[in-house]
Amino acid sequence: MSQELGKIEKPEVNSFKKNRKVLQVPLVYAGKDAPADYLELFEKYWQQVAENVAKLESRLGSVTVIFHETVSAGGDEGLKILETLNLKSYELACGRCKGEARLHCVEDPDMLTEVMDWERCLVMGLLNDKVASRIYEFYTEATRKRYQYISKAIDEALKDGDVALLFIREGHLVQFPPDIDVFSVAPPALDEIHRWARDRAAKREKGQEKPD
């Protein structure tokens, strides 16, 4: 069951008390050379995420488990990896890990690197359609297996009554068991970021802005 914060009626806390819960946060990144207007939206997004997660915790209970895609280790080792990937999600995770929460690994390193390598091949731009088609098949199959692994890892890690914080890209294919209530943390700034990306792409098509 997936629910989007801010777009649903506030349910009774008791209706979710027995089930396991996942607060799903779409991952948003910013490179060192990101435009100033994007960085402003980026900061706004993560501030709203922090506020919305805190509101959900006040209703559902404190986060006890943290999951983060592309982080192939748990505990303190995983936090060190996360710090180099995304400082914003690291800050949210680290603050809770100082309490009762724990960072749990949901990635298999071999599966993760296989998907990343196939993705690199596709991004390169291939000349032969047959080769491109085969690589896309390999990428699709590797991605399917990776998401299956993540789904199983989440299911095995969450105990009755646990509240988890899941950082994962939009459009993921993770399937959650029916006894896990999923709350999508999608604050208004996420729509603003999408609109910013669409507007920038449109300007590039018109030749009004050079690609990075």
# chains A, B, ... in the order shown; residues from 1 in each chain; ligands from 1

call {"tool": "select_by_dssp", "arguments": {"residues": "chain A", "states": "helix (DSSP H, G or I)", "output": "PyMOL selection string"}}
result
chain A and resi 13-16+36-60+75-85+87-97+109-124+129-157+188-205

call {"tool": "residues_around", "arguments": {"residues": "A:Gly78", "least_positions_apart": "5", "cutoff": "9 Å", "atoms": "only C-alpha atoms", "output": "PDB file with N, CA and C atoms, in the first residue's frame"}}
result
ATOM      1  N   VAL A  71      24.321   1.601  -1.581  1.00  0.00           N
ATOM      2  CA  VAL A  71      25.237   1.459  -0.441  1.00  0.00           C
ATOM      3  C   VAL A  71      25.369  -0.024  -0.141  1.00  0.00           C
ATOM      4  N   SER A  72      26.550  -0.577  -0.380  1.00  0.00           N
ATOM      5  CA  SER A  72      26.735  -2.028  -0.327  1.00  0.00           C
ATOM      6  C   SER A  72      27.316  -2.519   0.996  1.00  0.00           C
ATOM      7  N   ALA A  73      27.036  -1.802   2.073  1.00  0.00           N
ATOM      8  CA  ALA A  73      27.465  -2.228   3.410  1.00  0.00           C
ATOM      9  C   ALA A  73      26.496  -1.625   4.424  1.00  0.00           C
ATOM     10  N   GLU A  83      28.210   8.857   3.080  1.00  0.00           N
ATOM     11  CA  GLU A  83      28.682  10.241   3.206  1.00  0.00           C
ATOM     12  C   GLU A  83      29.311  10.737   1.919  1.00  0.00           C
ATOM     13  N   LEU A 103      21.554   1.236  10.041  1.00  0.00           N
ATOM     14  CA  LEU A 103      21.628   1.197   8.580  1.00  0.00           C
ATOM     15  C   LEU A 103      21.819  -0.252   8.149  1.00  0.00           C
ATOM     16  N   HIS A 104      20.899  -0.740   7.325  1.00  0.00           N
ATOM     17  CA  HIS A 104      20.930  -2.130   6.876  1.00  0.00           C
ATOM     18  C   HIS A 104      21.226  -2.177   5.379  1.00  0.00           C
ATOM     19  N   CYS A 105      22.146  -3.016   4.989  1.00  0.00           N
ATOM     20  CA  CYS A 105      22.517  -3.142   3.575  1.00  0.00           C
ATOM     21  C   CYS A 105      21.450  -3.917   2.804  1.00  0.00           C
TER      22      CYS A 105
END

call {"tool": "select_by_dssp", "arguments": {"residues": "stretch 2-211 of chain A", "states": "strand (DSSP E or B)", "output": "PDB file with N, CA and C atoms, in the first residue's frame"}}
result
ATOM      1  N   SER A   2       0.792   2.053  -1.031  1.00  0.00           N
ATOM      2  CA  SER A   2       1.634   3.245  -1.158  1.00  0.00           C
ATOM      3  C   SER A   2       0.783   4.477  -0.993  1.00  0.00           C
ATOM      4  N   GLN A   3       1.213   5.375  -0.116  1.00  0.00           N
ATOM      5  CA  GLN A   3       0.473   6.597   0.138  1.00  0.00           C
ATOM      6  C   GLN A   3       1.425   7.770   0.053  1.00  0.00           C
ATOM      7  N   GLU A   4       0.951   8.884  -0.518  1.00  0.00           N
ATOM      8  CA  GLU A   4       1.809  10.051  -0.709  1.00  0.00           C
ATOM      9  C   GLU A   4       1.488  11.102   0.337  1.00  0.00           C
ATOM     10  N   ARG A  20       4.420  -3.483   9.443  1.00  0.00           N
ATOM     11  CA  ARG A  20       5.724  -2.872   9.212  1.00  0.00           C
ATOM     12  C   ARG A  20       5.527  -1.672   8.291  1.00  0.00           C
ATOM     13  N   LYS A  21       6.364  -0.667   8.436  1.00  0.00           N
ATOM     14  CA  LYS A  21       6.162   0.572   7.696  1.00  0.00           C
ATOM     15  C   LYS A  21       7.455   1.017   7.013  1.00  0.00           C
ATOM     16  N   VAL A  22       7.319   1.556   5.811  1.00  0.00           N
ATOM     17  CA  VAL A  22       8.454   2.090   5.059  1.00  0.00           C
ATOM     18  C   VAL A  22       8.139   3.512   4.624  1.00  0.00           C
ATOM     19  N   LEU A  23       9.005   4.444   5.009  1.00  0.00           N
ATOM     20  CA  LEU A  23       8.917   5.829   4.556  1.00  0.00           C
ATOM     21  C   LEU A  23       9.862   5.966   3.366  1.00  0.00           C
ATOM     22  N   GLN A  24       9.296   6.098   2.183  1.00  0.00           N
ATOM     23  CA  GLN A  24      10.067   6.041   0.940  1.00  0.00           C
ATOM     24  C   GLN A  24      10.435   7.442   0.455  1.00  0.00           C
ATOM     25  N   VAL A  25      11.739   7.709   0.392  1.00  0.00           N
ATOM     26  CA  VAL A  25      12.235   9.037   0.008  1.00  0.00           C
ATOM     27  C   VAL A  25      12.923   8.956  -1.352  1.00  0.00           C
ATOM     28  N   PRO A  26      12.410   9.668  -2.371  1.00  0.00           N
ATOM     29  CA  PRO A  26      13.079   9.695  -3.680  1.00  0.00           C
ATOM     30  C   PRO A  26      14.453  10.351  -3.572  1.00  0.00           C
ATOM     31  N   VAL A  65      14.972   1.340  11.203  1.00  0.00           N
ATOM     32  CA  VAL A  65      15.814   0.733  10.171  1.00  0.00           C
ATOM     33  C   VAL A  65      15.961   1.713   9.019  1.00  0.00           C
ATOM     34  N   ILE A  66      17.166   1.778   8.452  1.00  0.00           N
ATOM     35  CA  ILE A  66      17.413   2.656   7.312  1.00  0.00           C
ATOM     36  C   ILE A  66      17.981   1.830   6.158  1.00  0.00           C
ATOM     37  N   PHE A  67      17.392   2.036   4.984  1.00  0.00           N
ATOM     38  CA  PHE A  67      17.867   1.397   3.755  1.00  0.00           C
ATOM     39  C   PHE A  67      18.273   2.488   2.764  1.00  0.00           C
ATOM     40  N   HIS A  68      19.331   2.254   2.011  1.00  0.00           N
ATOM     41  CA  HIS A  68      19.775   3.238   1.015  1.00  0.00           C
ATOM     42  C   HIS A  68      20.349   2.485  -0.183  1.00  0.00           C
ATOM     43  N   ARG A 102      19.300   1.666  12.755  1.00  0.00           N
ATOM     44  CA  ARG A 102      20.481   1.016  12.197  1.00  0.00           C
ATOM     45  C   ARG A 102      20.408   1.038  10.668  1.00  0.00           C
ATOM     46  N   LEU A 103      21.554   1.236  10.041  1.00  0.00           N
ATOM     47  CA  LEU A 103      21.628   1.197   8.580  1.00  0.00           C
ATOM     48  C   LEU A 103      21.819  -0.252   8.149  1.00  0.00           C
ATOM     49  N   VAL A 163       9.707   0.716  11.743  1.00  0.00           N
ATOM     50  CA  VAL A 163       9.514   1.836  10.822  1.00  0.00           C
ATOM     51  C   VAL A 163      10.837   2.039  10.093  1.00  0.00           C
ATOM     52  N   ALA A 164      10.813   1.925   8.771  1.00  0.00           N
ATOM     53  CA  ALA A 164      12.045   2.030   7.991  1.00  0.00           C
ATOM     54  C   ALA A 164      12.049   3.294   7.141  1.00  0.00           C
ATOM     55  N   LEU A 165      13.237   3.810   6.911  1.00  0.00           N
ATOM     56  CA  LEU A 165      13.450   4.938   6.012  1.00  0.00           C
ATOM     57  C   LEU A 165      14.193   4.391   4.803  1.00  0.00           C
ATOM     58  N   LEU A 166      13.579   4.474   3.637  1.00  0.00           N
ATOM     59  CA  LEU A 166      14.157   3.933   2.404  1.00  0.00           C
ATOM     60  C   LEU A 166      14.474   5.063   1.436  1.00  0.00           C
ATOM     61  N   PHE A 167      15.763   5.213   1.114  1.00  0.00           N
ATOM     62  CA  PHE A 167      16.195   6.179   0.107  1.00  0.00           C
ATOM     63  C   PHE A 167      16.419   5.427  -1.198  1.00  0.00           C
ATOM     64  N   ILE A 168      15.659   5.790  -2.227  1.00  0.00           N
ATOM     65  CA  ILE A 168      15.744   5.050  -3.484  1.00  0.00           C
ATOM     66  C   ILE A 168      15.277   5.935  -4.636  1.00  0.00           C
ATOM     67  N   ILE A 180       3.474  -4.606   4.534  1.00  0.00           N
ATOM     68  CA  ILE A 180       4.295  -3.411   4.703  1.00  0.00           C
ATOM     69  C   ILE A 180       3.525  -2.212   4.153  1.00  0.00           C
ATOM     70  N   ASP A 181       3.288  -1.220   5.020  1.00  0.00           N
ATOM     71  CA  ASP A 181       2.641   0.017   4.601  1.00  0.00           C
ATOM     72  C   ASP A 181       3.715   0.978   4.110  1.00  0.00           C
ATOM     73  N   VAL A 182       3.565   1.446   2.871  1.00  0.00           N
ATOM     74  CA  VAL A 182       4.566   2.315   2.259  1.00  0.00           C
ATOM     75  C   VAL A 182       4.031   3.741   2.166  1.00  0.00           C
ATOM     76  N   PHE A 183       4.796   4.688   2.699  1.00  0.00           N
ATOM     77  CA  PHE A 183       4.438   6.098   2.664  1.00  0.00           C
ATOM     78  C   PHE A 183       5.447   6.829   1.783  1.00  0.00           C
ATOM     79  N   SER A 184       4.976   7.387   0.665  1.00  0.00           N
ATOM     80  CA  SER A 184       5.865   8.113  -0.237  1.00  0.00           C
ATOM     81  C   SER A 184       6.060   9.533   0.260  1.00  0.00           C
TER      82      SER A 184
END

call {"tool": "residues_around", "arguments": {"residues": "A:Arg144", "least_positions_apart": "3", "cutoff": "12 Å", "atoms": "only C-alpha atoms", "output": "list of chain:residue names"}}
result
A:Met111, A:Leu112, A:Glu114, A:Val115, A:Glu137, A:Phe138, A:Tyr139, A:Thr140, A:Glu141, A:Tyr147, A:Gln148, A:Tyr149, A:Ile150, A:Ser151, A:His172, A:Leu173, A:Val174, A:Gln175

call {"tool": "write_last_selection", "arguments": {"atoms": "N, CA and C atoms", "output": "PDB file, in the first residue's frame"}}
result
ATOM      1  N   MET A 111      25.674  -7.728  -7.973  1.00  0.00           N
ATOM      2  CA  MET A 111      24.484  -7.337  -8.726  1.00  0.00           C
ATOM      3  C   MET A 111      24.489  -5.848  -9.025  1.00  0.00           C
ATOM      4  N   LEU A 112      24.888  -5.066  -8.029  1.00  0.00           N
ATOM      5  CA  LEU A 112      24.913  -3.611  -8.197  1.00  0.00           C
ATOM      6  C   LEU A 112      25.901  -3.189  -9.272  1.00  0.00           C
ATOM      7  N   GLU A 114      27.113  -4.986 -11.680  1.00  0.00           N
ATOM      8  CA  GLU A 114      26.701  -5.490 -12.997  1.00  0.00           C
ATOM      9  C   GLU A 114      25.712  -4.533 -13.647  1.00  0.00           C
ATOM     10  N   VAL A 115      24.722  -4.086 -12.872  1.00  0.00           N
ATOM     11  CA  VAL A 115      23.746  -3.141 -13.400  1.00  0.00           C
ATOM     12  C   VAL A 115      24.430  -1.846 -13.819  1.00  0.00           C
ATOM     13  N   GLU A 137      18.914  -5.989 -23.051  1.00  0.00           N
ATOM     14  CA  GLU A 137      18.350  -7.207 -22.452  1.00  0.00           C
ATOM     15  C   GLU A 137      19.135  -7.600 -21.204  1.00  0.00           C
ATOM     16  N   PHE A 138      20.461  -7.561 -21.297  1.00  0.00           N
ATOM     17  CA  PHE A 138      21.304  -7.896 -20.148  1.00  0.00           C
ATOM     18  C   PHE A 138      21.049  -6.915 -18.993  1.00  0.00           C
ATOM     19  N   TYR A 139      20.940  -5.628 -19.346  1.00  0.00           N
ATOM     20  CA  TYR A 139      20.700  -4.597 -18.336  1.00  0.00           C
ATOM     21  C   TYR A 139      19.343  -4.813 -17.659  1.00  0.00           C
ATOM     22  N   THR A 140      18.328  -5.096 -18.463  1.00  0.00           N
ATOM     23  CA  THR A 140      16.977  -5.299 -17.915  1.00  0.00           C
ATOM     24  C   THR A 140      16.935  -6.499 -16.980  1.00  0.00           C
ATOM     25  N   GLU A 141      17.565  -7.587 -17.380  1.00  0.00           N
ATOM     26  CA  GLU A 141      17.563  -8.799 -16.552  1.00  0.00           C
ATOM     27  C   GLU A 141      18.359  -8.574 -15.263  1.00  0.00           C
ATOM     28  N   TYR A 147      16.518  -5.750  -8.100  1.00  0.00           N
ATOM     29  CA  TYR A 147      15.346  -5.301  -7.349  1.00  0.00           C
ATOM     30  C   TYR A 147      14.695  -6.435  -6.568  1.00  0.00           C
ATOM     31  N   GLN A 148      14.748  -7.635  -7.107  1.00  0.00           N
ATOM     32  CA  GLN A 148      14.252  -8.788  -6.357  1.00  0.00           C
ATOM     33  C   GLN A 148      15.065  -8.985  -5.083  1.00  0.00           C
ATOM     34  N   TYR A 149      16.362  -8.827  -5.214  1.00  0.00           N
ATOM     35  CA  TYR A 149      17.249  -8.968  -4.048  1.00  0.00           C
ATOM     36  C   TYR A 149      16.928  -7.904  -3.006  1.00  0.00           C
ATOM     37  N   ILE A 150      16.751  -6.655  -3.456  1.00  0.00           N
ATOM     38  CA  ILE A 150      16.432  -5.564  -2.534  1.00  0.00           C
ATOM     39  C   ILE A 150      15.111  -5.830  -1.826  1.00  0.00           C
ATOM     40  N   SER A 151      14.118  -6.295  -2.570  1.00  0.00           N
ATOM     41  CA  SER A 151      12.809  -6.602  -1.976  1.00  0.00           C
ATOM     42  C   SER A 151      12.941  -7.644  -0.874  1.00  0.00           C
ATOM     43  N   HIS A 172      11.638   3.084  -9.303  1.00  0.00           N
ATOM     44  CA  HIS A 172      12.225   1.784  -8.964  1.00  0.00           C
ATOM     45  C   HIS A 172      11.184   0.681  -9.096  1.00  0.00           C
ATOM     46  N   LEU A 173      11.646  -0.577  -9.105  1.00  0.00           N
ATOM     47  CA  LEU A 173      10.755  -1.723  -9.300  1.00  0.00           C
ATOM     48  C   LEU A 173      10.708  -2.633  -8.078  1.00  0.00           C
ATOM     49  N   VAL A 174      11.010  -2.096  -6.913  1.00  0.00           N
ATOM     50  CA  VAL A 174      10.951  -2.896  -5.683  1.00  0.00           C
ATOM     51  C   VAL A 174       9.495  -3.218  -5.363  1.00  0.00           C
ATOM     52  N   GLN A 175       9.221  -4.503  -5.128  1.00  0.00           N
ATOM     53  CA  GLN A 175       7.887  -4.954  -4.739  1.00  0.00           C
ATOM     54  C   GLN A 175       7.876  -5.205  -3.232  1.00  0.00           C
TER      55      GLN A 175
END

call {"tool": "closest_residue", "arguments": {"among": "A:Val106, A:Leu56, A:Ala36, A:Cys97", "to": "A:Ala157", "atoms": "only C-alpha atoms"}}
result
A:Val106

call {"tool": "residues_around", "arguments": {"residues": "stretch 185-196 of chain A", "least_positions_apart": "6", "cutoff": "9 Å", "atoms": "only C-alpha atoms", "output": "VMD selection string"}}
result
chain A and resid 3 to 6 23 to 26 28 37 to 38 41 to 42 44 to 46 48 to 49 52 to 53

call {"tool": "write_last_selection", "arguments": {"atoms": "C-alpha atoms", "output": "PDB file, in the first residue's frame"}}
result
ATOM      1  CA  GLN A   3       0.473   6.597   0.138  1.00  0.00           C
ATOM      2  CA  GLU A   4       1.809  10.051  -0.709  1.00  0.00           C
ATOM      3  CA  LEU A   5       2.306  12.455   2.145  1.00  0.00           C
ATOM      4  CA  GLY A   6       0.193  15.565   1.822  1.00  0.00           C
ATOM      5  CA  LEU A  23       8.917   5.829   4.556  1.00  0.00           C
ATOM      6  CA  GLN A  24      10.067   6.041   0.940  1.00  0.00           C
ATOM      7  CA  VAL A  25      12.235   9.037   0.008  1.00  0.00           C
ATOM      8  CA  PRO A  26      13.079   9.695  -3.680  1.00  0.00           C
ATOM      9  CA  VAL A  28      17.818  13.645  -5.467  1.00  0.00           C
ATOM     10  CA  ASP A  37      18.827  27.799  -9.256  1.00  0.00           C
ATOM     11  CA  TYR A  38      18.915  23.991  -9.090  1.00  0.00           C
ATOM     12  CA  LEU A  41      15.634  23.698  -5.176  1.00  0.00           C
ATOM     13  CA  PHE A  42      17.895  20.873  -4.017  1.00  0.00           C
ATOM     14  CA  LYS A  44      14.601  23.184  -0.386  1.00  0.00           C
ATOM     15  CA  TYR A  45      13.736  19.585  -1.293  1.00  0.00           C
ATOM     16  CA  TRP A  46      15.862  17.986   1.410  1.00  0.00           C
ATOM     17  CA  GLN A  48      11.046  19.503   3.182  1.00  0.00           C
ATOM     18  CA  VAL A  49      11.956  15.800   3.263  1.00  0.00           C
ATOM     19  CA  ASN A  52       7.888  15.445   6.397  1.00  0.00           C
ATOM     20  CA  VAL A  53       9.784  12.444   7.760  1.00  0.00           C
TER      21      VAL A  53
END

call {"tool": "decode", "arguments": {"residues": "stretch 110-130 of chain A", "atoms": "N, CA and C atoms", "output": "mmCIF file, in the first residue's frame"}}
result
data_model
loop_
_atom_site.group_PDB
_atom_site.id
_atom_site.type_symbol
_atom_site.label_atom_id
_atom_site.label_comp_id
_atom_site.auth_asym_id
_atom_site.auth_seq_id
_atom_site.Cartn_x
_atom_site.Cartn_y
_atom_site.Cartn_z
ATOM 1 N N ASP A 110 27.929 -7.512 -6.281
ATOM 2 C CA ASP A 110 28.071 -8.020 -7.647
ATOM 3 C C ASP A 110 26.884 -7.616 -8.519
ATOM 4 N N MET A 111 25.674 -7.728 -7.973
ATOM 5 C CA MET A 111 24.484 -7.337 -8.726
ATOM 6 C C MET A 111 24.489 -5.848 -9.025
ATOM 7 N N LEU A 112 24.888 -5.066 -8.029
ATOM 8 C CA LEU A 112 24.913 -3.611 -8.197
ATOM 9 C C LEU A 112 25.901 -3.189 -9.272
ATOM 10 N N THR A 113 27.112 -3.710 -9.215
ATOM 11 C CA THR A 113 28.128 -3.313 -10.200
ATOM 12 C C THR A 113 27.795 -3.837 -11.597
ATOM 13 N N GLU A 114 27.113 -4.986 -11.680
ATOM 14 C CA GLU A 114 26.701 -5.490 -12.997
ATOM 15 C C GLU A 114 25.712 -4.533 -13.647
ATOM 16 N N VAL A 115 24.722 -4.086 -12.872
ATOM 17 C CA VAL A 115 23.746 -3.141 -13.400
ATOM 18 C C VAL A 115 24.430 -1.846 -13.819
ATOM 19 N N MET A 116 25.341 -1.369 -12.995
ATOM 20 C CA MET A 116 26.036 -0.119 -13.299
ATOM 21 C C MET A 116 26.872 -0.235 -14.567
ATOM 22 N N ASP A 117 27.517 -1.390 -14.776
ATOM 23 C CA ASP A 117 28.345 -1.574 -15.966
ATOM 24 C C ASP A 117 27.499 -1.650 -17.231
ATOM 25 N N TRP A 118 26.367 -2.381 -17.170
ATOM 26 C CA TRP A 118 25.486 -2.435 -18.337
ATOM 27 C C TRP A 118 24.928 -1.049 -18.643
ATOM 28 N N GLU A 119 24.634 -0.285 -17.600
ATOM 29 C CA GLU A 119 24.106 1.064 -17.791
ATOM 30 C C GLU A 119 25.151 1.955 -18.458
ATOM 31 N N ARG A 120 26.395 1.808 -18.058
ATOM 32 C CA ARG A 120 27.474 2.582 -18.688
ATOM 33 C C ARG A 120 27.569 2.261 -20.177
ATOM 34 N N CYS A 121 27.422 0.985 -20.511
ATOM 35 C CA CYS A 121 27.474 0.581 -21.917
ATOM 36 C C CYS A 121 26.375 1.259 -22.724
ATOM 37 N N LEU A 122 25.178 1.323 -22.158
ATOM 38 C CA LEU A 122 24.055 1.944 -22.858
ATOM 39 C C LEU A 122 24.261 3.440 -23.027
ATOM 40 N N VAL A 123 24.815 4.080 -22.008
ATOM 41 C CA VAL A 123 25.022 5.532 -22.048
ATOM 42 C C VAL A 123 26.078 5.920 -23.077
ATOM 43 N N MET A 124 27.022 5.002 -23.340
ATOM 44 C CA MET A 124 28.100 5.282 -24.292
ATOM 45 C C MET A 124 27.576 5.614 -25.683
ATOM 46 N N GLY A 125 26.455 4.999 -26.063
ATOM 47 C CA GLY A 125 25.951 5.204 -27.416
ATOM 48 C C GLY A 125 26.580 4.206 -28.358
ATOM 49 N N LEU A 126 25.839 3.160 -28.697
ATOM 50 C CA LEU A 126 26.365 2.070 -29.505
ATOM 51 C C LEU A 126 25.950 2.219 -30.970
ATOM 52 N N LEU A 127 26.811 1.807 -31.871
ATOM 53 C CA LEU A 127 26.556 1.966 -33.301
ATOM 54 C C LEU A 127 25.664 0.859 -33.866
ATOM 55 N N ASN A 128 25.810 -0.350 -33.342
ATOM 56 C CA ASN A 128 25.086 -1.492 -33.881
ATOM 57 C C ASN A 128 23.796 -1.740 -33.096
ATOM 58 N N ASP A 129 22.660 -1.764 -33.803
ATOM 59 C CA ASP A 129 21.364 -1.956 -33.144
ATOM 60 C C ASP A 129 21.259 -3.320 -32.476
ATOM 61 N N LYS A 130 21.848 -4.337 -33.097
ATOM 62 C CA LYS A 130 21.776 -5.685 -32.527
ATOM 63 C C LYS A 130 22.537 -5.739 -31.200
#
